[in-house]
file upload-v2.csv (CSV, N, CA and C atoms)
chain,number,residue,atom,x,y,z
A,1,MET,N,121.3,105.3,79.6
A,1,MET,CA,120.8,106.5,80.1
A,1,MET,C,119.8,106.3,81.2
A,2,SER,N,119.8,107.1,82.2
A,2,SER,CA,118.8,107.0,83.3
A,2,SER,C,117.6,107.8,82.9
A,3,ALA,N,116.6,107.8,83.7
A,3,ALA,CA,115.5,108.6,83.5
A,3,ALA,C,115.8,110.1,83.5
A,4,HIS,N,117.0,110.5,84.1
A,4,HIS,CA,117.4,111.9,84.2
A,4,HIS,C,118.5,112.2,83.2
A,5,GLY,N,118.8,111.2,82.3
A,5,GLY,CA,119.8,111.5,81.2
A,5,GLY,C,121.2,111.2,81.7
A,6,GLN,N,121.5,110.7,82.8
A,6,GLN,CA,122.8,110.4,83.3
A,6,GLN,C,123.3,109.1,82.7
A,7,GLU,N,124.5,109.0,82.3
A,7,GLU,CA,125.1,107.7,81.9
A,7,GLU,C,125.5,107.0,83.2
A,8,LEU,N,125.1,105.7,83.3
A,8,LEU,CA,125.4,105.0,84.5
A,8,LEU,C,126.1,103.7,84.1
A,9,ARG,N,127.0,103.2,84.9
A,9,ARG,CA,127.6,101.9,84.7
A,9,ARG,C,126.9,101.0,85.7
A,10,PRO,N,126.1,100.1,85.3
A,10,PRO,CA,125.4,99.3,86.3
A,10,PRO,C,126.3,98.6,87.3
A,11,GLU,N,127.5,98.2,87.0
A,11,GLU,CA,128.3,97.5,87.9
A,11,GLU,C,128.8,98.4,89.1
A,12,ASP,N,128.7,99.8,88.9
A,12,ASP,CA,129.0,100.7,89.9
A,12,ASP,C,127.9,101.0,90.8
A,13,SER,N,126.7,100.5,90.6
A,13,SER,CA,125.5,100.8,91.3
A,13,SER,C,125.3,99.8,92.4
A,14,ALA,N,125.1,100.2,93.7
A,14,ALA,CA,124.8,99.3,94.8
A,14,ALA,C,123.5,98.5,94.5
A,15,ALA,N,122.5,99.2,93.9
A,15,ALA,CA,121.3,98.5,93.6
A,15,ALA,C,121.5,97.4,92.6
A,16,TYR,N,122.3,97.6,91.6
A,16,TYR,CA,122.7,96.6,90.6
A,16,TYR,C,123.4,95.4,91.2
A,17,ARG,N,124.4,95.7,92.1
A,17,ARG,CA,125.1,94.6,92.7
A,17,ARG,C,124.2,93.8,93.6
A,18,GLU,N,123.3,94.5,94.3
A,18,GLU,CA,122.3,93.8,95.2
A,18,GLU,C,121.4,92.9,94.4
A,19,ALA,N,121.0,93.4,93.2
A,19,ALA,CA,120.1,92.6,92.3
A,19,ALA,C,120.8,91.3,91.9
A,20,VAL,N,122.1,91.5,91.5
A,20,VAL,CA,122.9,90.3,91.0
A,20,VAL,C,123.0,89.3,92.2
A,21,THR,N,123.3,89.8,93.4
A,21,THR,CA,123.4,89.0,94.5
A,21,THR,C,122.1,88.2,94.8
A,22,ASP,N,121.0,88.9,94.7
A,22,ASP,CA,119.7,88.3,94.9
A,22,ASP,C,119.4,87.2,93.8
A,23,LEU,N,119.7,87.5,92.6
A,23,LEU,CA,119.6,86.5,91.5
A,23,LEU,C,120.4,85.3,91.7
A,24,ARG,N,121.6,85.5,92.2
A,24,ARG,CA,122.5,84.3,92.5
A,24,ARG,C,121.9,83.5,93.6
A,25,TRP,N,121.4,84.2,94.7
A,25,TRP,CA,120.8,83.5,95.8
A,25,TRP,C,119.6,82.7,95.3
A,26,LEU,N,118.7,83.3,94.5
A,26,LEU,CA,117.6,82.5,94.0
A,26,LEU,C,118.0,81.3,93.2
A,27,THR,N,119.0,81.4,92.4
A,27,THR,CA,119.5,80.3,91.6
A,27,THR,C,120.0,79.2,92.5
A,28,ALA,N,120.9,79.6,93.5
A,28,ALA,CA,121.5,78.6,94.4
A,28,ALA,C,120.4,77.9,95.2
A,29,ASN,N,119.3,78.5,95.5
A,29,ASN,CA,118.3,77.9,96.3
A,29,ASN,C,117.1,77.4,95.5
A,30,GLU,N,117.3,77.1,94.2
A,30,GLU,CA,116.3,76.6,93.3
A,30,GLU,C,115.0,77.3,93.4
A,31,ALA,N,115.1,78.6,93.4
A,31,ALA,CA,113.9,79.4,93.5
A,31,ALA,C,113.8,80.4,92.4
A,32,MET,N,114.4,80.1,91.3
A,32,MET,CA,114.6,81.0,90.1
A,32,MET,C,113.5,80.8,89.1
A,33,ALA,N,112.9,79.7,89.0
A,33,ALA,CA,112.0,79.4,87.9
A,33,ALA,C,110.8,80.4,87.9
A,34,GLY,N,110.1,80.5,89.0
A,34,GLY,CA,109.0,81.4,89.1
A,34,GLY,C,109.4,82.9,88.8
A,35,VAL,N,110.5,83.3,89.3
A,35,VAL,CA,110.9,84.7,89.1
A,35,VAL,C,111.2,84.9,87.6
A,36,ALA,N,111.9,83.9,87.0
A,36,ALA,CA,112.2,84.0,85.6
A,36,ALA,C,110.9,84.1,84.7
A,37,GLU,N,109.9,83.3,85.1
A,37,GLU,CA,108.6,83.3,84.4
A,37,GLU,C,107.9,84.7,84.5
A,38,ILE,N,108.0,85.2,85.7
A,38,ILE,CA,107.4,86.6,86.0
A,38,ILE,C,108.1,87.6,85.1
A,39,VAL,N,109.4,87.5,85.1
A,39,VAL,CA,110.2,88.5,84.3
A,39,VAL,C,109.8,88.4,82.8
A,40,ARG,N,109.7,87.1,82.3
A,40,ARG,CA,109.4,86.9,80.9
A,40,ARG,C,108.0,87.5,80.6
A,41,GLU,N,107.0,87.3,81.5
A,41,GLU,CA,105.7,87.8,81.3
A,41,GLU,C,105.7,89.4,81.4
A,42,ARG,N,106.4,90.0,82.3
A,42,ARG,CA,106.5,91.4,82.3
A,42,ARG,C,107.1,92.0,81.1
A,43,ARG,N,108.2,91.3,80.6
A,43,ARG,CA,108.8,91.7,79.3
A,43,ARG,C,107.8,91.6,78.2
A,44,ARG,N,107.0,90.6,78.1
A,44,ARG,CA,106.0,90.4,77.1
A,44,ARG,C,105.0,91.5,77.2
A,45,GLN,N,104.6,91.9,78.4
A,45,GLN,CA,103.6,93.0,78.6
A,45,GLN,C,104.1,94.3,78.0
A,46,VAL,N,105.4,94.5,78.3
A,46,VAL,CA,106.0,95.8,77.8
A,46,VAL,C,106.2,95.8,76.3
A,47,GLU,N,106.9,94.7,75.8
A,47,GLU,CA,107.3,94.7,74.4
A,47,GLU,C,106.1,94.4,73.5
A,48,ALA,N,105.2,93.5,73.8
A,48,ALA,CA,104.2,93.1,72.9
A,48,ALA,C,102.9,94.0,73.0
A,49,LYS,N,102.7,94.5,74.2
A,49,LYS,CA,101.5,95.2,74.5
A,49,LYS,C,101.7,96.7,74.7
A,50,GLY,N,103.0,97.1,74.9
A,50,GLY,CA,103.3,98.5,75.2
A,50,GLY,C,102.9,99.0,76.6
A,51,TYR,N,102.8,98.0,77.5
A,51,TYR,CA,102.5,98.4,78.9
A,51,TYR,C,103.7,98.7,79.7
A,52,ASP,N,104.4,99.8,79.3
A,52,ASP,CA,105.6,100.2,79.9
A,52,ASP,C,105.4,101.1,81.1
A,53,ALA,N,106.4,101.7,81.6
A,53,ALA,CA,106.3,102.6,82.8
A,53,ALA,C,105.4,103.8,82.5
A,54,GLY,N,105.6,104.4,81.4
A,54,GLY,CA,104.8,105.5,81.0
A,54,GLY,C,103.3,105.2,81.0
A,55,HIS,N,103.0,104.0,80.4
A,55,HIS,CA,101.6,103.5,80.4
A,55,HIS,C,101.1,103.3,81.8
A,56,ASP,N,101.8,102.6,82.6
A,56,ASP,CA,101.4,102.3,83.9
A,56,ASP,C,101.2,103.5,84.8
A,57,ASP,N,102.1,104.5,84.6
A,57,ASP,CA,102.1,105.7,85.4
A,57,ASP,C,100.9,106.6,85.0
A,58,SER,N,100.5,106.5,83.8
A,58,SER,CA,99.4,107.4,83.3
A,58,SER,C,98.0,106.7,83.3
A,59,GLU,N,98.0,105.4,83.1
A,59,GLU,CA,96.7,104.7,83.0
A,59,GLU,C,96.3,103.9,84.2
A,60,HIS,N,97.2,103.6,85.2
A,60,HIS,CA,96.8,102.8,86.3
A,60,HIS,C,97.2,103.3,87.6
A,61,THR,N,96.7,104.5,87.9
A,61,THR,CA,97.0,105.2,89.2
A,61,THR,C,96.0,104.8,90.3
A,62,ASP,N,95.1,103.9,90.0
A,62,ASP,CA,94.0,103.7,90.9
A,62,ASP,C,94.0,102.3,91.6
A,63,GLY,N,95.2,101.6,91.5
A,63,GLY,CA,95.3,100.3,92.1
A,63,GLY,C,94.8,99.1,91.2
A,64,TRP,N,94.5,99.5,89.9
A,64,TRP,CA,94.0,98.4,89.0
A,64,TRP,C,95.0,97.3,88.8
A,65,LEU,N,96.2,97.5,88.7
A,65,LEU,CA,97.2,96.5,88.5
A,65,LEU,C,97.2,95.5,89.6
A,66,MET,N,97.1,95.9,90.9
A,66,MET,CA,97.0,95.0,92.0
A,66,MET,C,95.7,94.3,92.0
A,67,HIS,N,94.6,95.0,91.8
A,67,HIS,CA,93.3,94.3,91.8
A,67,HIS,C,93.2,93.3,90.7
A,68,GLU,N,93.7,93.6,89.5
A,68,GLU,CA,93.7,92.6,88.4
A,68,GLU,C,94.5,91.4,88.8
A,69,ALA,N,95.7,91.5,89.4
A,69,ALA,CA,96.5,90.4,89.9
A,69,ALA,C,95.7,89.5,90.8
A,70,VAL,N,95.0,90.1,91.8
A,70,VAL,CA,94.2,89.3,92.7
A,70,VAL,C,93.1,88.6,92.0
A,71,ARG,N,92.5,89.3,91.1
A,71,ARG,CA,91.4,88.6,90.3
A,71,ARG,C,91.8,87.4,89.5
A,72,LEU,N,93.0,87.5,88.9
A,72,LEU,CA,93.5,86.4,88.1
A,72,LEU,C,93.7,85.2,89.0
A,73,VAL,N,94.4,85.4,90.1
A,73,VAL,CA,94.7,84.3,91.0
A,73,VAL,C,93.4,83.7,91.6
A,74,GLN,N,92.5,84.5,92.0
A,74,GLN,CA,91.2,84.0,92.6
A,74,GLN,C,90.4,83.2,91.5
A,75,ASN,N,90.4,83.7,90.3
A,75,ASN,CA,89.7,83.0,89.3
A,75,ASN,C,90.3,81.6,89.0
A,76,ALA,N,91.6,81.6,88.9
A,76,ALA,CA,92.3,80.3,88.7
A,76,ALA,C,92.0,79.3,89.9
A,77,GLY,N,92.0,79.8,91.1
A,77,GLY,CA,91.7,79.0,92.2
A,77,GLY,C,90.3,78.5,92.2
A,78,ARG,N,89.4,79.3,91.8
A,78,ARG,CA,88.0,78.9,91.7
A,78,ARG,C,87.8,77.8,90.6
A,79,ARG,N,88.5,78.0,89.4
A,79,ARG,CA,88.4,77.0,88.4
A,79,ARG,C,88.9,75.6,88.9
A,80,VAL,N,90.0,75.7,89.6
A,80,VAL,CA,90.6,74.4,90.2
A,80,VAL,C,89.6,73.8,91.2
A,81,ALA,N,89.0,74.6,92.1
A,81,ALA,CA,88.1,74.1,93.0
A,81,ALA,C,86.8,73.5,92.4
A,82,GLU,N,86.5,74.1,91.2
A,82,GLU,CA,85.3,73.6,90.5
A,82,GLU,C,85.6,72.4,89.7
A,83,GLY,N,86.9,72.0,89.6
A,83,GLY,CA,87.3,70.8,88.8
A,83,GLY,C,87.4,71.1,87.3
A,84,VAL,N,87.5,72.3,86.9
A,84,VAL,CA,87.6,72.7,85.5
A,84,VAL,C,89.0,73.3,85.2
A,85,GLY,N,89.8,73.3,86.1
A,85,GLY,CA,91.2,73.9,85.9
A,85,GLY,C,92.2,73.0,86.6
A,86,GLY,N,93.4,73.3,86.3
A,86,GLY,CA,94.5,72.5,86.9
A,86,GLY,C,95.7,73.4,87.3
A,87,ALA,N,96.8,72.7,87.5
A,87,ALA,CA,98.1,73.3,87.8
A,87,ALA,C,98.5,74.3,86.8
A,88,GLU,N,98.2,74.0,85.5
A,88,GLU,CA,98.6,75.0,84.4
A,88,GLU,C,97.9,76.3,84.6
A,89,ASP,N,96.6,76.2,85.0
A,89,ASP,CA,95.8,77.5,85.2
A,89,ASP,C,96.4,78.3,86.4
A,90,ILE,N,96.8,77.6,87.4
A,90,ILE,CA,97.4,78.3,88.6
A,90,ILE,C,98.7,78.9,88.2
A,91,GLU,N,99.5,78.2,87.5
A,91,GLU,CA,100.9,78.7,87.1
A,91,GLU,C,100.7,79.9,86.2
A,92,GLU,N,99.8,79.8,85.2
A,92,GLU,CA,99.6,81.0,84.3
A,92,GLU,C,99.1,82.2,85.1
A,93,ALA,N,98.2,82.0,86.0
A,93,ALA,CA,97.7,83.1,86.8
A,93,ALA,C,98.7,83.7,87.7
A,94,CYS,N,99.5,82.8,88.3
A,94,CYS,CA,100.6,83.3,89.2
A,94,CYS,C,101.6,84.1,88.4
A,95,ARG,N,102.0,83.7,87.2
A,95,ARG,CA,102.9,84.3,86.3
A,95,ARG,C,102.4,85.7,85.9
A,96,GLU,N,101.2,85.8,85.4
A,96,GLU,CA,100.6,87.0,85.0
A,96,GLU,C,100.4,88.0,86.2
A,97,ALA,N,99.9,87.4,87.3
A,97,ALA,CA,99.7,88.3,88.5
A,97,ALA,C,101.0,88.8,89.0
A,98,GLY,N,102.0,88.0,89.0
A,98,GLY,CA,103.3,88.4,89.5
A,98,GLY,C,103.9,89.6,88.7
A,99,ALA,N,103.7,89.5,87.4
A,99,ALA,CA,104.1,90.6,86.5
A,99,ALA,C,103.3,91.8,86.7
A,100,LEU,N,102.0,91.7,86.9
A,100,LEU,CA,101.2,92.9,87.3
A,100,LEU,C,101.6,93.5,88.6
A,101,LEU,N,101.9,92.6,89.6
A,101,LEU,CA,102.3,93.2,90.9
A,101,LEU,C,103.7,93.8,90.8
A,102,ALA,N,104.6,93.3,90.0
A,102,ALA,CA,105.9,93.9,89.8
A,102,ALA,C,105.7,95.3,89.1
A,103,ALA,N,104.8,95.4,88.2
A,103,ALA,CA,104.5,96.7,87.5
A,103,ALA,C,104.0,97.7,88.5
A,104,GLU,N,103.1,97.2,89.4
A,104,GLU,CA,102.5,98.1,90.4
A,104,GLU,C,103.6,98.5,91.4
A,105,ALA,N,104.4,97.6,91.8
A,105,ALA,CA,105.5,97.9,92.8
A,105,ALA,C,106.5,99.0,92.1
A,106,ASP,N,106.8,98.8,90.8
A,106,ASP,CA,107.6,99.7,90.1
A,106,ASP,C,107.0,101.1,90.1
A,107,ARG,N,105.7,101.1,89.7
A,107,ARG,CA,104.9,102.4,89.6
A,107,ARG,C,104.9,103.1,91.0
A,108,LEU,N,104.7,102.4,92.0
A,108,LEU,CA,104.7,103.0,93.4
A,108,LEU,C,106.1,103.5,93.7
A,109,PHE,N,107.1,102.7,93.4
A,109,PHE,CA,108.5,103.2,93.7
A,109,PHE,C,108.7,104.5,93.0
A,110,ARG,N,108.4,104.6,91.7
A,110,ARG,CA,108.6,105.8,91.0
A,110,ARG,C,107.8,107.0,91.6
A,111,MET,N,106.6,106.7,92.1
A,111,MET,CA,105.8,107.7,92.7
A,111,MET,C,106.3,108.2,94.0
A,112,LEU,N,106.8,107.2,94.8
A,112,LEU,CA,107.2,107.5,96.2
A,112,LEU,C,108.7,107.9,96.3
A,113,THR,N,109.5,107.8,95.2
A,113,THR,CA,110.9,108.1,95.3
A,113,THR,C,111.2,109.2,94.3
A,114,PRO,N,111.0,110.4,94.6
A,114,PRO,CA,111.3,111.5,93.7
A,114,PRO,C,112.8,111.6,93.4
A,115,GLY,N,113.1,111.8,92.2
A,115,GLY,CA,114.5,111.9,91.8
A,115,GLY,C,115.2,110.6,91.7
A,116,HIS,N,114.4,109.5,91.7
A,116,HIS,CA,115.1,108.1,91.6
A,116,HIS,C,115.9,108.0,90.3
A,117,VAL,N,116.8,107.2,90.3
A,117,VAL,CA,117.7,106.9,89.1
A,117,VAL,C,117.4,105.5,88.6
A,118,THR,N,117.1,105.4,87.3
A,118,THR,CA,116.8,104.1,86.7
A,118,THR,C,118.1,103.6,86.1
A,119,ILE,N,118.4,102.4,86.4
A,119,ILE,CA,119.6,101.8,85.8
A,119,ILE,C,119.1,101.1,84.5
A,120,VAL,N,119.8,101.3,83.4
A,120,VAL,CA,119.5,100.6,82.2
A,120,VAL,C,120.6,99.8,81.9
A,121,ILE,N,120.4,98.5,81.7
A,121,ILE,CA,121.4,97.5,81.4
A,121,ILE,C,121.4,97.2,79.9
A,122,THR,N,122.5,97.5,79.3
A,122,THR,CA,122.6,97.2,77.8
A,122,THR,C,123.3,95.8,77.7
A,123,PRO,N,123.1,95.1,76.6
A,123,PRO,CA,123.7,93.8,76.4
A,123,PRO,C,125.2,93.7,76.7
A,124,ASP,N,125.9,94.8,76.3
A,124,ASP,CA,127.4,94.7,76.6
A,124,ASP,C,127.7,95.0,78.0
A,125,ALA,N,126.8,95.5,78.8
A,125,ALA,CA,127.0,95.7,80.3
A,125,ALA,C,126.5,94.6,81.2
A,126,ALA,N,125.9,93.6,80.6
A,126,ALA,CA,125.4,92.5,81.4
A,126,ALA,C,126.5,91.7,82.0
A,127,PRO,N,126.3,91.1,83.2
A,127,PRO,CA,127.4,90.4,83.8
A,127,PRO,C,127.7,89.1,83.0

call {"tool": "encode", "arguments": {"input": "upload-v2.csv", "output": "structure tokens"}}
result
Amino acid sequence: MSAHGQELRPEDSAAYREAVTDLRWLTANEAMAGVAEIVRERRRQVEAKGYDAGHDDSEHTDGWLMHEAVRLVQNAGRRVAEGVGGAEDIEEACREAGALLAAEADRLFRMLTPGHVTIVITPDAAP
């Protein structure tokens, strides 16, 4: 179901086909690992913490998601510069920041695109 209650077949959506094409490109160009980690982190935020679209839309209308992402990356960079952090700190900060930025981009898309249709992919509809 979409946000508006319509049944959609993802394979019939241009946005879905474009996303699949993008994922294939990322995989072919060995650029998928970071994207996959960000997706996993965003999923964790939604499933484990309840930070879903409704939460983001009602609780974070002031740019907090973006500012928190920047803070995470800056703090990790500072720890590395001070010699108390390493690549693991940077990777974790990038993963968490990427998920927060994705949430902010989604929130802004919903705000700026009245009447948007959300495609929901069920396991039996996945490619």

call {"tool": "atom_distance", "arguments": {"input": "upload-v2.csv", "atom1": "atom C of Ala93 in chain A", "atom2": "CA of Leu72 in chain A"}}
result
5.9 Å

call {"tool": "atom_distance", "arguments": {"input": "upload-v2.csv", "atom1": "CA of Glu37 in chain A", "atom2": "atom C of Ala15 in chain A"}}
result
20.8 Å

call {"tool": "atom_distance", "arguments": {"input": "upload-v2.csv", "atom1": "CA of Asp52 in chain A", "atom2": "CA of His67 in chain A"}}
result
18.1 Å

call {"tool": "select_by_dssp", "arguments": {"input": "upload-v2.csv", "residues": "chain A", "states": "alpha helix (DSSP H)", "output": "number ranges by chain"}}
result
A: 14-28, 33-49, 53-59, 64-81, 87-112

call {"tool": "residues_around", "arguments": {"input": "upload-v2.csv", "residues": "Glu92 in chain A", "least_positions_apart": "6", "cutoff": "12 Å", "atoms": "only C-alpha atoms", "output": "list of chain:residue names"}}
result
A:Gly34, A:Glu37, A:Ile38, A:Arg40, A:Glu41, A:Ala69, A:Leu72, A:Val73, A:Asn75, A:Ala76, A:Gly77, A:Gly85, A:Gly86, A:Gly98, A:Ala99

call {"tool": "residues_around", "arguments": {"input": "upload-v2.csv", "residues": "Arg107 in chain A", "least_positions_apart": "5", "cutoff": "12 Å", "atoms": "only C-alpha atoms", "output": "ChimeraX atom specification"}}
result
/A:51-66,100-102,112-114,116
